[in-house]
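First the structure, in the form of C-alpha cells, and then the observations on it.
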Amino acid sequence: MRFLHLIWSNLKRRKLRTLLTLLSIVVAFILYGYLSAIARAMDQGVSLAGADRLIVRHRVSITQPLPESYLRRILAIPGVQNAAHASWFGGIYQDPRNFFAQMAIIPEAYLDLYPEFLLPADQRLAFIRTRTGAIAGRRTAQKYGWNIGDRIPIQATVWVRQNGESAWEFDLVGIYDGAEEGTDTTNFYFHYDYLDEARAFGQGLVGWYMVRVQDPDQAATVARLIDAEFANSPQETKTETEGAFLRGWAQQIGDITTIMSAILSAVFFTILLVTGNTMAQSVRERTEELGVLKAMGFDNLLTLALVLAESCLLAILGGTAGLAIAWFLIASGDPTGGALPIFYFPRQNLLWGILIACGLGLAAGWLPARQAMRLQIAEALRRI
C-alpha cells in the first residue's frame, strides 16, 4: 500500500490514454455481463432442472401429441413416483407481440412435480377447485398489471372452441414466485380439463409428460422402460432427463455456450492487446525514472511488482466499474421487452468477471513488467 501513490501517479501521467483504456475495459465487461445474462436465459434453467425428473415426448417431435391414456400406464412402470402432463396452448393476449407461454396442466399433480413454483396454500386450493382458474408467474403478472381476481382473455391460434370462437377466458386465482433466482416466472397455467372439454378437436391428446423417478440414479433405466412400454405403438415416445430435454431445446438455435465463449474470447483478447500496449508505452516513457528507482535501491522483483500492480489496478478499476454498470442495467429490465424467460446476472459469473479482470491485468502487464525488471541501470541513466 505504501507504493499506491506512486502507482496512481503513473496512471495519471497520460490521463487521456489511461481514460480511453479504462473505458475500453468498462465496455468489455458490460458486454460480458449482458452475454452472461443472455446465456443463462437461453439455457432455460438447465442448471435448475430436477435430477429426478424425466420428460416424455413423441418420438418424432414435441409438436406431435400423445394420448392422455399414457398417464395411467406411465404411473404403473416400476421406479416412477409421480407423473403429470402439459399441453402448449399458444394463444395471444391483446397483441401478438405479448408473448408468454400458456400451458394446460393437471394442477395438483403438476405443482407437486415442481416445488420450485411457490404458490400460497389458499391460491393453490383455489386453482385446483376452479375449473376456469389459472395461475401466472410473478414476472408476467407484473408486466401486464394483473391481479388475483382478474379475468384474462386469450385468443387461441390453434385450439378454437366447439362453437367456433377463438376467445378463451380464464380467472386468475394465483400468482406464483420462484424458489430460486433462475426459476422461470413468466408462464401461465390453466386446467387441462377446461381445454379438453371445450376445444373443437384433439380431445384426449396432450403435449408431453413430466415424470418423477423414485431414485435419480435409476433415471436412465426408467426412461428405457417408459419407451419400451410404448414401442411399436402409433405414438412412440422419447424419454430423457429434464436437463437433457431443456439443453436440446436451447441448442435448436445453436450452441449458446460456444457462441458466447467465442464472442467473449475475441473481446477480451482485443482488450488484452489494448491494455498491454498502454502498459508498454508507459514503461518506455519511464525508462529513465525506472533506472533512477533501481539506482535508489529498488530491486528487480519490486520493479516487476510495481508495473504489474499498475496494470492490475487499471484492469480491476475498469472491470469492477463495467461489472457494476452491467449489474445495474440488467437489474433494470430485459432489453428484449420480456422475450427472455429469465434475465439476470448470475452471481457466479460476477465472481468470474472479477477473476477475469485480475487475470487481464496480470497478462497485459507481464511483458512490460519483465522489460522493466531486466532494465539495466547504466542503460537507463544514459538516456537522461
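Chain identifiers are assigned as A, B, and so on, following the order in which chains appear in the C-alpha cells; residues are numbered from 1 within each chain, and ligands are numbered from 1 in order of appearance.
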Please provide as an mmCIF file with C-alpha atoms, in the first residue's frame all residues within 12 Å of A:Pro115, with the sequence filter that same-chain residues fewer than 2 positions apart are discarded (counting only C-alpha atoms).
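Saved as out_20.cif:
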```
data_model
loop_
_atom_site.group_PDB
_atom_site.id
_atom_site.type_symbol
_atom_site.label_atom_id
_atom_site.label_comp_id
_atom_site.auth_asym_id
_atom_site.auth_seq_id
_atom_site.Cartn_x
_atom_site.Cartn_y
_atom_site.Cartn_z
ATOM 1 C CA LEU A 48 -32.011 -25.789 -12.182
ATOM 2 C CA ALA A 49 -33.559 -28.825 -13.833
ATOM 3 C CA GLY A 50 -34.556 -31.566 -11.445
ATOM 4 C CA ARG A 53 -37.484 -35.548 -13.390
ATOM 5 C CA GLU A 108 -52.290 -30.660 -8.289
ATOM 6 C CA ALA A 109 -50.008 -33.209 -9.933
ATOM 7 C CA TYR A 110 -48.049 -30.585 -11.848
ATOM 8 C CA LEU A 111 -47.426 -28.385 -8.808
ATOM 9 C CA ASP A 112 -46.297 -31.433 -6.850
ATOM 10 C CA LEU A 113 -43.719 -32.120 -9.544
ATOM 11 C CA PHE A 117 -43.023 -22.790 -8.052
ATOM 12 C CA LEU A 118 -44.070 -21.073 -4.824
ATOM 13 C CA LEU A 119 -47.822 -20.596 -4.585
ATOM 14 C CA PRO A 120 -49.626 -19.712 -1.324
ATOM 15 C CA TYR A 176 -46.542 -17.875 -8.247
ATOM 16 C CA ASP A 177 -42.967 -16.923 -7.388
ATOM 17 C CA GLY A 178 -39.717 -18.803 -7.895
ATOM 18 C CA ALA A 179 -37.809 -20.513 -5.120
ATOM 19 C CA GLU A 180 -34.545 -19.541 -6.828
ATOM 20 C CA THR A 183 -36.817 -20.030 -11.780
ATOM 21 C CA ARG A 212 -40.551 -38.026 -11.219
#
```
For this session: Using backbone DSSP assignments, extract all strand (DSSP E or B) residues from stretch 156-290 of chain A; output them as a PyMOL selection string.
Result: chain A and resi 161+167-178+188-191+199+205-206+208-213+237-241
Exercise. Leaving out A:Leu225 and any residue of its chain fewer than 3 positions from it, which residues lie within 12 Å of it when counting only C-alpha atoms, given as number ranges by chain?
Worked result: A: 56, 73-80, 213, 218-222, 228-231, 237-240
Write the residues of the selection above to a file with N, CA and C atoms, as a compact mmCIF listing (two decimals), in the first residue's frame.
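Okay, out_7.txt is ready:
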```txt
# COMPACT_ATOMS: atom_id res chain seq x y z
N VAL A 56 -41.21 -36.95 -21.16
CA VAL A 56 -41.64 -37.95 -22.14
C VAL A 56 -42.38 -37.22 -23.26
N ARG A 73 -50.52 -45.70 -17.70
CA ARG A 73 -49.51 -46.71 -17.99
C ARG A 73 -48.13 -46.27 -17.50
N ILE A 74 -47.84 -44.98 -17.58
CA ILE A 74 -46.56 -44.47 -17.08
C ILE A 74 -46.48 -44.64 -15.56
N LEU A 75 -47.57 -44.32 -14.87
CA LEU A 75 -47.58 -44.42 -13.41
C LEU A 75 -47.39 -45.87 -12.94
N ALA A 76 -47.72 -46.83 -13.80
CA ALA A 76 -47.60 -48.25 -13.42
C ALA A 76 -46.19 -48.80 -13.65
N ILE A 77 -45.31 -48.03 -14.27
CA ILE A 77 -43.96 -48.51 -14.57
C ILE A 77 -43.10 -48.48 -13.30
N PRO A 78 -42.36 -49.54 -13.01
CA PRO A 78 -41.51 -49.58 -11.81
C PRO A 78 -40.52 -48.41 -11.79
N GLY A 79 -40.38 -47.80 -10.64
CA GLY A 79 -39.44 -46.69 -10.49
C GLY A 79 -40.06 -45.32 -10.66
N VAL A 80 -41.32 -45.25 -11.14
CA VAL A 80 -41.99 -43.97 -11.33
C VAL A 80 -42.71 -43.59 -10.04
N VAL A 213 -38.92 -39.77 -10.85
CA VAL A 213 -38.48 -41.13 -10.55
C VAL A 213 -38.16 -41.23 -9.06
N GLN A 218 -31.44 -44.11 -11.06
CA GLN A 218 -32.09 -45.07 -11.95
C GLN A 218 -32.89 -44.37 -13.06
N ALA A 219 -32.64 -43.08 -13.25
CA ALA A 219 -33.42 -42.31 -14.22
C ALA A 219 -33.28 -42.89 -15.63
N ALA A 220 -32.07 -43.25 -16.02
CA ALA A 220 -31.86 -43.80 -17.37
C ALA A 220 -32.59 -45.12 -17.56
N THR A 221 -32.60 -45.95 -16.52
CA THR A 221 -33.30 -47.23 -16.60
C THR A 221 -34.80 -47.03 -16.74
N VAL A 222 -35.35 -46.11 -15.94
CA VAL A 222 -36.78 -45.82 -16.01
C VAL A 222 -37.14 -45.26 -17.38
N ALA A 228 -39.90 -48.41 -23.84
CA ALA A 228 -40.21 -49.80 -24.21
C ALA A 228 -41.70 -50.07 -24.08
N GLU A 229 -42.36 -49.42 -23.12
CA GLU A 229 -43.79 -49.61 -22.91
C GLU A 229 -44.59 -49.19 -24.13
N PHE A 230 -44.12 -48.16 -24.83
CA PHE A 230 -44.88 -47.65 -25.98
C PHE A 230 -44.20 -47.93 -27.31
N ALA A 231 -43.23 -48.82 -27.32
CA ALA A 231 -42.57 -49.19 -28.57
C ALA A 231 -43.56 -49.88 -29.50
N THR A 237 -42.58 -43.01 -27.96
CA THR A 237 -42.09 -41.92 -27.12
C THR A 237 -40.57 -41.85 -27.11
N LYS A 238 -40.09 -40.69 -26.70
CA LYS A 238 -38.68 -40.50 -26.40
C LYS A 238 -38.60 -39.88 -25.01
N THR A 239 -37.92 -40.54 -24.11
CA THR A 239 -37.84 -40.09 -22.72
C THR A 239 -36.39 -39.73 -22.39
N GLU A 240 -36.21 -38.59 -21.77
CA GLU A 240 -34.89 -38.12 -21.38
C GLU A 240 -35.00 -37.29 -20.12
```
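Comparing the minimum interatomic distances between A:Thr21 and each of A:Val283, A:Leu273, A:Leu308, A:Leu329, counting only C-alpha atoms, we find that A:Leu273 sits nearest.
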For this session: Write out as a ChimeraX atom specification the residues lying within 8 Å of stretch 188-194 of chain A, counting only C-alpha atoms and excluding same-chain residues fewer than 6 positions away.
Result: /A:86-87,100-107,131-137,170
Convert the current residue selection to file output with N, CA and C atoms, as a PDB file, in the first residue's frame.
```
ATOM      1  N   ALA A  86     -48.579 -31.883 -19.687  1.00  0.00           N
ATOM      2  CA  ALA A  86     -48.782 -30.469 -20.025  1.00  0.00           C
ATOM      3  C   ALA A  86     -49.006 -30.364 -21.518  1.00  0.00           C
ATOM      4  N   SER A  87     -49.734 -29.323 -21.922  1.00  0.00           N
ATOM      5  CA  SER A  87     -50.035 -29.112 -23.336  1.00  0.00           C
ATOM      6  C   SER A  87     -49.874 -27.632 -23.669  1.00  0.00           C
ATOM      7  N   PHE A 100     -45.977 -14.968 -24.020  1.00  0.00           N
ATOM      8  CA  PHE A 100     -45.630 -15.711 -22.819  1.00  0.00           C
ATOM      9  C   PHE A 100     -46.235 -17.103 -22.986  1.00  0.00           C
ATOM     10  N   ALA A 101     -45.579 -18.083 -22.364  1.00  0.00           N
ATOM     11  CA  ALA A 101     -46.018 -19.466 -22.520  1.00  0.00           C
ATOM     12  C   ALA A 101     -47.305 -19.713 -21.748  1.00  0.00           C
ATOM     13  N   GLN A 102     -48.279 -20.344 -22.401  1.00  0.00           N
ATOM     14  CA  GLN A 102     -49.529 -20.763 -21.752  1.00  0.00           C
ATOM     15  C   GLN A 102     -49.638 -22.269 -21.890  1.00  0.00           C
ATOM     16  N   MET A 103     -49.878 -22.951 -20.776  1.00  0.00           N
ATOM     17  CA  MET A 103     -49.916 -24.412 -20.799  1.00  0.00           C
ATOM     18  C   MET A 103     -51.083 -24.955 -19.992  1.00  0.00           C
ATOM     19  N   ALA A 104     -51.720 -25.956 -20.554  1.00  0.00           N
ATOM     20  CA  ALA A 104     -52.795 -26.659 -19.867  1.00  0.00           C
ATOM     21  C   ALA A 104     -52.202 -27.809 -19.079  1.00  0.00           C
ATOM     22  N   ILE A 105     -52.548 -27.896 -17.801  1.00  0.00           N
ATOM     23  CA  ILE A 105     -51.919 -28.882 -16.923  1.00  0.00           C
ATOM     24  C   ILE A 105     -52.953 -29.531 -16.007  1.00  0.00           C
ATOM     25  N   ILE A 106     -52.515 -30.577 -15.308  1.00  0.00           N
ATOM     26  CA  ILE A 106     -53.271 -31.129 -14.186  1.00  0.00           C
ATOM     27  C   ILE A 106     -52.759 -30.392 -12.939  1.00  0.00           C
ATOM     28  N   PRO A 107     -53.520 -29.447 -12.379  1.00  0.00           N
ATOM     29  CA  PRO A 107     -52.977 -28.536 -11.353  1.00  0.00           C
ATOM     30  C   PRO A 107     -52.240 -29.196 -10.203  1.00  0.00           C
ATOM     31  N   ARG A 131     -62.460 -24.488 -12.153  1.00  0.00           N
ATOM     32  CA  ARG A 131     -62.261 -25.122 -13.458  1.00  0.00           C
ATOM     33  C   ARG A 131     -61.709 -24.144 -14.490  1.00  0.00           C
ATOM     34  N   THR A 132     -62.141 -22.902 -14.418  1.00  0.00           N
ATOM     35  CA  THR A 132     -61.642 -21.884 -15.350  1.00  0.00           C
ATOM     36  C   THR A 132     -60.465 -21.111 -14.741  1.00  0.00           C
ATOM     37  N   GLY A 133     -59.969 -21.592 -13.607  1.00  0.00           N
ATOM     38  CA  GLY A 133     -58.899 -20.890 -12.909  1.00  0.00           C
ATOM     39  C   GLY A 133     -57.556 -21.011 -13.614  1.00  0.00           C
ATOM     40  N   ALA A 134     -56.708 -20.028 -13.357  1.00  0.00           N
ATOM     41  CA  ALA A 134     -55.364 -20.004 -13.932  1.00  0.00           C
ATOM     42  C   ALA A 134     -54.417 -19.346 -12.947  1.00  0.00           C
ATOM     43  N   ILE A 135     -53.142 -19.678 -13.072  1.00  0.00           N
ATOM     44  CA  ILE A 135     -52.109 -19.005 -12.293  1.00  0.00           C
ATOM     45  C   ILE A 135     -51.069 -18.459 -13.258  1.00  0.00           C
ATOM     46  N   ALA A 136     -50.453 -17.352 -12.876  1.00  0.00           N
ATOM     47  CA  ALA A 136     -49.431 -16.716 -13.710  1.00  0.00           C
ATOM     48  C   ALA A 136     -48.181 -16.486 -12.885  1.00  0.00           C
ATOM     49  N   GLY A 137     -47.028 -16.491 -13.551  1.00  0.00           N
ATOM     50  CA  GLY A 137     -45.776 -16.174 -12.883  1.00  0.00           C
ATOM     51  C   GLY A 137     -45.734 -14.704 -12.505  1.00  0.00           C
ATOM     52  N   PHE A 170     -60.042 -16.843 -18.714  1.00  0.00           N
ATOM     53  CA  PHE A 170     -59.541 -17.541 -17.533  1.00  0.00           C
ATOM     54  C   PHE A 170     -59.628 -16.621 -16.319  1.00  0.00           C
TER      55      PHE A 170
END
```
Problem set entry | Interatomic distance, atom CA of A:Arg17 to atom CA of A:Trp366 (Å, one decimal) |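 Computed distance, atom CA of A:Arg17 to atom CA of A:Trp366, equals 19.3 Å.
If you measure from each of A:Ile128, A:Ile152, A:Ile259, A:Ala141 to A:Glu169 using only C-alpha atoms, the closest one turns out to be A:Ile152.
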Give me, as a CSV table (one decimal) with N, CA and C atoms, in the first residue's frame, the residues of stretch 139-312 of chain A that a backbone DSSP run labels alpha helix (DSSP H).
```
chain,number,residue,atom,x,y,z
A,139,ARG,N,-43.5,-12.5,-12.9
A,139,ARG,CA,-43.0,-11.5,-13.9
A,139,ARG,C,-44.0,-11.2,-14.9
A,140,THR,N,-44.8,-12.2,-15.4
A,140,THR,CA,-45.8,-11.9,-16.3
A,140,THR,C,-46.9,-11.1,-15.7
A,141,ALA,N,-47.3,-11.4,-14.5
A,141,ALA,CA,-48.4,-10.6,-13.8
A,141,ALA,C,-48.0,-9.2,-13.7
A,142,GLN,N,-46.8,-8.9,-13.3
A,142,GLN,CA,-46.3,-7.5,-13.1
A,142,GLN,C,-46.2,-6.8,-14.5
A,143,LYS,N,-45.8,-7.5,-15.5
A,143,LYS,CA,-45.7,-6.9,-16.8
A,143,LYS,C,-47.0,-6.4,-17.3
A,144,TYR,N,-48.1,-7.2,-17.1
A,144,TYR,CA,-49.4,-6.8,-17.7
A,144,TYR,C,-50.3,-6.2,-16.6
A,192,TYR,N,-56.2,-28.5,-17.7
A,192,TYR,CA,-56.3,-29.2,-19.0
A,192,TYR,C,-57.8,-29.7,-19.2
A,193,ASP,N,-58.5,-30.0,-18.2
A,193,ASP,CA,-59.9,-30.4,-18.4
A,193,ASP,C,-60.7,-29.4,-19.0
A,194,TYR,N,-60.5,-28.1,-18.7
A,194,TYR,CA,-61.2,-27.0,-19.2
A,194,TYR,C,-60.9,-26.9,-20.7
A,195,LEU,N,-59.7,-27.1,-21.1
A,195,LEU,CA,-59.3,-27.0,-22.5
A,195,LEU,C,-59.9,-28.2,-23.3
A,196,ASP,N,-59.8,-29.4,-22.7
A,196,ASP,CA,-60.1,-30.6,-23.4
A,196,ASP,C,-61.6,-30.7,-23.7
A,197,GLU,N,-62.4,-30.3,-22.7
A,197,GLU,CA,-63.9,-30.4,-22.9
A,197,GLU,C,-64.5,-29.4,-23.9
A,198,ALA,N,-63.8,-28.3,-24.1
A,198,ALA,CA,-64.4,-27.2,-24.9
A,198,ALA,C,-63.7,-27.0,-26.3
A,219,ALA,N,-32.6,-43.1,-13.2
A,219,ALA,CA,-33.4,-42.3,-14.2
A,219,ALA,C,-33.3,-42.9,-15.6
A,220,ALA,N,-32.1,-43.3,-16.0
A,220,ALA,CA,-31.9,-43.8,-17.4
A,220,ALA,C,-32.6,-45.1,-17.6
A,221,THR,N,-32.6,-45.9,-16.5
A,221,THR,CA,-33.3,-47.2,-16.6
A,221,THR,C,-34.8,-47.0,-16.7
A,222,VAL,N,-35.3,-46.1,-15.9
A,222,VAL,CA,-36.8,-45.8,-16.0
A,222,VAL,C,-37.1,-45.3,-17.4
A,223,ALA,N,-36.3,-44.4,-17.9
A,223,ALA,CA,-36.5,-43.8,-19.2
A,223,ALA,C,-36.6,-44.9,-20.3
A,224,ARG,N,-35.7,-45.9,-20.2
A,224,ARG,CA,-35.8,-47.0,-21.2
A,224,ARG,C,-37.1,-47.8,-21.0
A,225,LEU,N,-37.5,-48.0,-19.8
A,225,LEU,CA,-38.7,-48.8,-19.5
A,225,LEU,C,-39.9,-48.1,-20.1
A,226,ILE,N,-40.0,-46.7,-20.0
A,226,ILE,CA,-41.1,-46.0,-20.5
A,226,ILE,C,-41.2,-46.1,-22.0
A,227,ASP,N,-40.0,-45.9,-22.7
A,227,ASP,CA,-40.0,-46.0,-24.1
A,227,ASP,C,-40.3,-47.4,-24.6
A,228,ALA,N,-39.9,-48.4,-23.8
A,228,ALA,CA,-40.2,-49.8,-24.2
A,228,ALA,C,-41.7,-50.1,-24.1
A,229,GLU,N,-42.4,-49.4,-23.1
A,229,GLU,CA,-43.8,-49.6,-22.9
A,229,GLU,C,-44.6,-49.2,-24.1
A,242,GLU,N,-34.8,-34.1,-17.6
A,242,GLU,CA,-35.3,-32.8,-17.9
A,242,GLU,C,-34.2,-31.9,-18.3
A,243,GLY,N,-33.0,-32.1,-17.7
A,243,GLY,CA,-31.8,-31.3,-18.1
A,243,GLY,C,-31.5,-31.5,-19.6
A,244,ALA,N,-31.4,-32.7,-20.0
A,244,ALA,CA,-31.1,-33.0,-21.4
A,244,ALA,C,-32.2,-32.5,-22.4
A,245,PHE,N,-33.4,-32.6,-22.0
A,245,PHE,CA,-34.5,-32.0,-22.8
A,245,PHE,C,-34.4,-30.5,-23.0
A,246,LEU,N,-34.1,-29.8,-21.9
A,246,LEU,CA,-34.0,-28.3,-22.0
A,246,LEU,C,-32.8,-27.9,-22.7
A,247,ARG,N,-31.7,-28.7,-22.6
A,247,ARG,CA,-30.5,-28.4,-23.3
A,247,ARG,C,-30.6,-28.6,-24.8
A,248,GLY,N,-31.3,-29.6,-25.2
A,248,GLY,CA,-31.6,-29.8,-26.6
A,248,GLY,C,-32.5,-28.8,-27.1
A,249,TRP,N,-33.5,-28.3,-26.3
A,249,TRP,CA,-34.4,-27.3,-26.8
A,249,TRP,C,-33.6,-26.0,-27.0
A,250,ALA,N,-32.7,-25.6,-26.1
A,250,ALA,CA,-31.9,-24.4,-26.3
A,250,ALA,C,-31.0,-24.5,-27.5
A,256,ILE,N,-25.2,-22.2,-27.5
A,256,ILE,CA,-25.1,-20.9,-26.9
A,256,ILE,C,-23.8,-20.7,-26.2
A,257,THR,N,-23.4,-21.7,-25.4
A,257,THR,CA,-22.2,-21.6,-24.6
A,257,THR,C,-21.0,-21.3,-25.5
A,258,THR,N,-20.9,-22.1,-26.6
A,258,THR,CA,-19.8,-21.9,-27.5
A,258,THR,C,-19.8,-20.6,-28.2
A,259,ILE,N,-21.0,-20.1,-28.6
A,259,ILE,CA,-21.1,-18.8,-29.2
A,259,ILE,C,-20.7,-17.7,-28.3
A,260,MET,N,-21.2,-17.7,-27.1
A,260,MET,CA,-20.9,-16.7,-26.1
A,260,MET,C,-19.4,-16.7,-25.8
A,261,SER,N,-18.8,-17.9,-25.6
A,261,SER,CA,-17.4,-18.0,-25.3
A,261,SER,C,-16.5,-17.5,-26.5
A,262,ALA,N,-16.9,-17.7,-27.7
A,262,ALA,CA,-16.2,-17.2,-28.8
A,262,ALA,C,-16.2,-15.7,-28.9
A,263,ILE,N,-17.4,-15.1,-28.6
A,263,ILE,CA,-17.5,-13.6,-28.6
A,263,ILE,C,-16.7,-13.0,-27.5
A,264,LEU,N,-16.8,-13.6,-26.3
A,264,LEU,CA,-16.1,-13.0,-25.2
A,264,LEU,C,-14.6,-13.2,-25.4
A,265,SER,N,-14.1,-14.3,-25.9
A,265,SER,CA,-12.7,-14.5,-26.1
A,265,SER,C,-12.1,-13.5,-27.1
A,266,ALA,N,-12.9,-13.2,-28.2
A,266,ALA,CA,-12.4,-12.2,-29.1
A,266,ALA,C,-12.4,-10.8,-28.4
A,267,VAL,N,-13.4,-10.5,-27.6
A,267,VAL,CA,-13.4,-9.2,-27.0
A,267,VAL,C,-12.3,-9.0,-26.0
A,268,PHE,N,-12.1,-10.0,-25.2
A,268,PHE,CA,-11.0,-9.9,-24.1
A,268,PHE,C,-9.6,-10.0,-24.7
A,269,PHE,N,-9.5,-10.7,-25.8
A,269,PHE,CA,-8.2,-10.7,-26.5
A,269,PHE,C,-7.9,-9.3,-27.0
A,270,THR,N,-8.9,-8.6,-27.6
A,270,THR,CA,-8.7,-7.3,-28.1
A,270,THR,C,-8.3,-6.3,-27.0
A,271,ILE,N,-9.0,-6.4,-25.8
A,271,ILE,CA,-8.8,-5.6,-24.7
A,271,ILE,C,-7.4,-5.9,-24.1
A,272,LEU,N,-7.0,-7.1,-24.1
A,272,LEU,CA,-5.6,-7.5,-23.7
A,272,LEU,C,-4.6,-6.8,-24.5
A,273,LEU,N,-4.8,-6.7,-25.8
A,273,LEU,CA,-3.8,-6.0,-26.7
A,273,LEU,C,-3.8,-4.5,-26.4
A,274,VAL,N,-5.0,-4.0,-26.2
A,274,VAL,CA,-5.1,-2.5,-25.9
A,274,VAL,C,-4.4,-2.2,-24.6
A,275,THR,N,-4.7,-3.0,-23.6
A,275,THR,CA,-4.1,-2.7,-22.2
A,275,THR,C,-2.6,-3.0,-22.2
A,276,GLY,N,-2.2,-4.0,-22.9
A,276,GLY,CA,-0.8,-4.3,-23.0
A,276,GLY,C,0.0,-3.2,-23.7
A,277,ASN,N,-0.6,-2.7,-24.8
A,277,ASN,CA,0.0,-1.6,-25.5
A,277,ASN,C,0.2,-0.4,-24.6
A,278,THR,N,-0.9,-0.1,-23.8
A,278,THR,CA,-0.8,1.1,-22.9
A,278,THR,C,0.3,0.9,-21.9
A,279,MET,N,0.4,-0.3,-21.3
A,279,MET,CA,1.4,-0.5,-20.3
A,279,MET,C,2.8,-0.5,-20.9
A,280,ALA,N,3.0,-1.0,-22.2
A,280,ALA,CA,4.3,-1.0,-22.8
A,280,ALA,C,4.7,0.4,-23.1
A,281,GLN,N,3.8,1.3,-23.6
A,281,GLN,CA,4.1,2.7,-23.8
A,281,GLN,C,4.5,3.4,-22.5
A,282,SER,N,3.8,3.1,-21.5
A,282,SER,CA,4.1,3.7,-20.2
A,282,SER,C,5.5,3.3,-19.7
A,283,VAL,N,5.9,2.1,-19.8
A,283,VAL,CA,7.2,1.7,-19.4
A,283,VAL,C,8.3,2.3,-20.2
A,284,ARG,N,8.1,2.4,-21.5
A,284,ARG,CA,9.1,3.0,-22.4
A,284,ARG,C,9.3,4.5,-22.1
A,285,GLU,N,8.2,5.2,-21.7
A,285,GLU,CA,8.2,6.6,-21.4
A,285,GLU,C,8.9,6.8,-20.1
A,287,THR,N,11.5,5.0,-18.8
A,287,THR,CA,12.8,4.2,-18.7
A,287,THR,C,13.8,4.9,-17.8
A,288,GLU,N,13.9,6.2,-17.9
A,288,GLU,CA,14.9,6.9,-17.1
A,288,GLU,C,14.5,6.9,-15.6
A,289,GLU,N,13.2,7.0,-15.4
A,289,GLU,CA,12.7,7.0,-14.0
A,289,GLU,C,12.9,5.6,-13.3
A,290,LEU,N,12.7,4.6,-14.1
A,290,LEU,CA,12.9,3.2,-13.6
A,290,LEU,C,14.3,3.0,-13.3
A,291,GLY,N,15.2,3.6,-14.1
A,291,GLY,CA,16.6,3.5,-13.8
A,291,GLY,C,17.0,4.2,-12.5
A,292,VAL,N,16.4,5.4,-12.3
A,292,VAL,CA,16.7,6.1,-11.0
A,292,VAL,C,16.2,5.3,-9.8
A,293,LEU,N,15.0,4.7,-10.0
A,293,LEU,CA,14.4,3.9,-8.9
A,293,LEU,C,15.4,2.7,-8.5
A,294,LYS,N,15.9,2.1,-9.6
A,294,LYS,CA,16.8,0.9,-9.3
A,294,LYS,C,18.1,1.4,-8.7
A,295,ALA,N,18.5,2.6,-9.1
A,295,ALA,CA,19.7,3.1,-8.5
A,295,ALA,C,19.5,3.5,-7.1
A,300,ASN,N,14.9,-5.9,-8.7
A,300,ASN,CA,14.2,-6.3,-9.9
A,300,ASN,C,12.8,-6.8,-9.6
A,301,LEU,N,12.6,-7.6,-8.5
A,301,LEU,CA,11.3,-8.1,-8.2
A,301,LEU,C,10.3,-7.0,-7.8
A,302,LEU,N,10.8,-6.0,-7.1
A,302,LEU,CA,10.0,-4.8,-6.7
A,302,LEU,C,9.6,-4.0,-8.0
A,303,THR,N,10.5,-3.8,-8.9
A,303,THR,CA,10.2,-3.1,-10.1
A,303,THR,C,9.1,-3.9,-10.9
A,304,LEU,N,9.3,-5.2,-11.0
A,304,LEU,CA,8.3,-6.1,-11.6
A,304,LEU,C,6.9,-5.9,-11.0
A,305,ALA,N,6.9,-6.0,-9.6
A,305,ALA,CA,5.7,-5.9,-8.9
A,305,ALA,C,5.0,-4.5,-9.1
A,306,LEU,N,5.8,-3.4,-9.2
A,306,LEU,CA,5.2,-2.1,-9.4
A,306,LEU,C,4.4,-2.0,-10.7
A,307,VAL,N,5.1,-2.5,-11.8
A,307,VAL,CA,4.4,-2.4,-13.1
A,307,VAL,C,3.2,-3.3,-13.2
A,308,LEU,N,3.3,-4.5,-12.6
A,308,LEU,CA,2.2,-5.5,-12.6
A,308,LEU,C,1.0,-4.9,-11.8
A,309,ALA,N,1.4,-4.2,-10.7
A,309,ALA,CA,0.3,-3.6,-9.8
A,309,ALA,C,-0.4,-2.5,-10.6
A,310,GLU,N,0.4,-1.7,-11.4
A,310,GLU,CA,-0.2,-0.6,-12.2
A,310,GLU,C,-1.2,-1.2,-13.2
A,311,SER,N,-0.8,-2.3,-13.9
A,311,SER,CA,-1.6,-2.9,-14.9
A,311,SER,C,-2.9,-3.5,-14.2
A,312,CYS,N,-2.7,-4.2,-13.1
A,312,CYS,CA,-3.8,-4.8,-12.4
A,312,CYS,C,-4.8,-3.8,-11.9
```
Exercise. Using only C-alpha atoms, which residues sit within 12 Å of A:Leu351 once same-chain residues fewer than 5 positions away are excluded, as number ranges by chain?
Worked result: A: 33, 36, 319-320, 323-324, 345-346, 356-358
Go ahead and write the residues just picked, N, CA and C atoms, as a short mmCIF file (atom, residue, chain, number, x, y, z; two decimals), in the first residue's frame.
```cif
data_model
loop_
_atom_site.label_atom_id
_atom_site.label_comp_id
_atom_site.auth_asym_id
_atom_site.auth_seq_id
_atom_site.Cartn_x
_atom_site.Cartn_y
_atom_site.Cartn_z
N GLY A 33 -21.26 -8.90 -19.02
CA GLY A 33 -22.44 -9.04 -18.16
C GLY A 33 -23.69 -9.38 -18.95
N SER A 36 -23.52 -12.91 -20.34
CA SER A 36 -23.73 -13.89 -19.26
C SER A 36 -25.21 -14.04 -18.95
N GLY A 319 -12.72 -3.20 -14.82
CA GLY A 319 -13.55 -4.40 -14.71
C GLY A 319 -14.67 -4.25 -13.70
N THR A 320 -14.34 -3.76 -12.52
CA THR A 320 -15.38 -3.60 -11.48
C THR A 320 -16.40 -2.55 -11.88
N LEU A 323 -18.61 -4.25 -14.49
CA LEU A 323 -19.50 -5.23 -13.87
C LEU A 323 -20.61 -4.54 -13.08
N ALA A 324 -20.27 -3.46 -12.39
CA ALA A 324 -21.29 -2.74 -11.61
C ALA A 324 -22.34 -2.12 -12.53
N PHE A 345 -28.10 -11.32 -13.92
CA PHE A 345 -26.64 -11.50 -13.95
C PHE A 345 -26.29 -12.54 -12.89
N PRO A 346 -25.94 -13.77 -13.28
CA PRO A 346 -25.63 -14.81 -12.29
C PRO A 346 -24.45 -14.40 -11.40
N ILE A 356 -11.46 -12.56 -13.98
CA ILE A 356 -11.00 -12.24 -15.35
C ILE A 356 -10.31 -10.89 -15.37
N ALA A 357 -10.85 -9.92 -14.62
CA ALA A 357 -10.22 -8.60 -14.55
C ALA A 357 -8.81 -8.70 -13.98
N CYS A 358 -8.66 -9.49 -12.92
CA CYS A 358 -7.33 -9.68 -12.32
C CYS A 358 -6.39 -10.36 -13.31
#
```
Exercise. Atom CA of A:Gln203 and atom CA of A:Trp159 are how many Å apart?
Worked result: 10.5 Å
Exercise. What is the distance between atom CA of A:Arg129 and atom CA of A:Glu165, in Å to one decimal?
Worked result: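 Atom-to-atom, atom CA of A:Arg129 to atom CA of A:Glu165, that is 25.3 Å.
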Exercise. Pick from A:His85, A:Thr186, A:Leu23, A:Gly174: nearest to A:Phe99, with only C-alpha atoms counted?
Worked result: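 Using only C-alpha atoms, A:Phe99 sits closest to A:Thr186.
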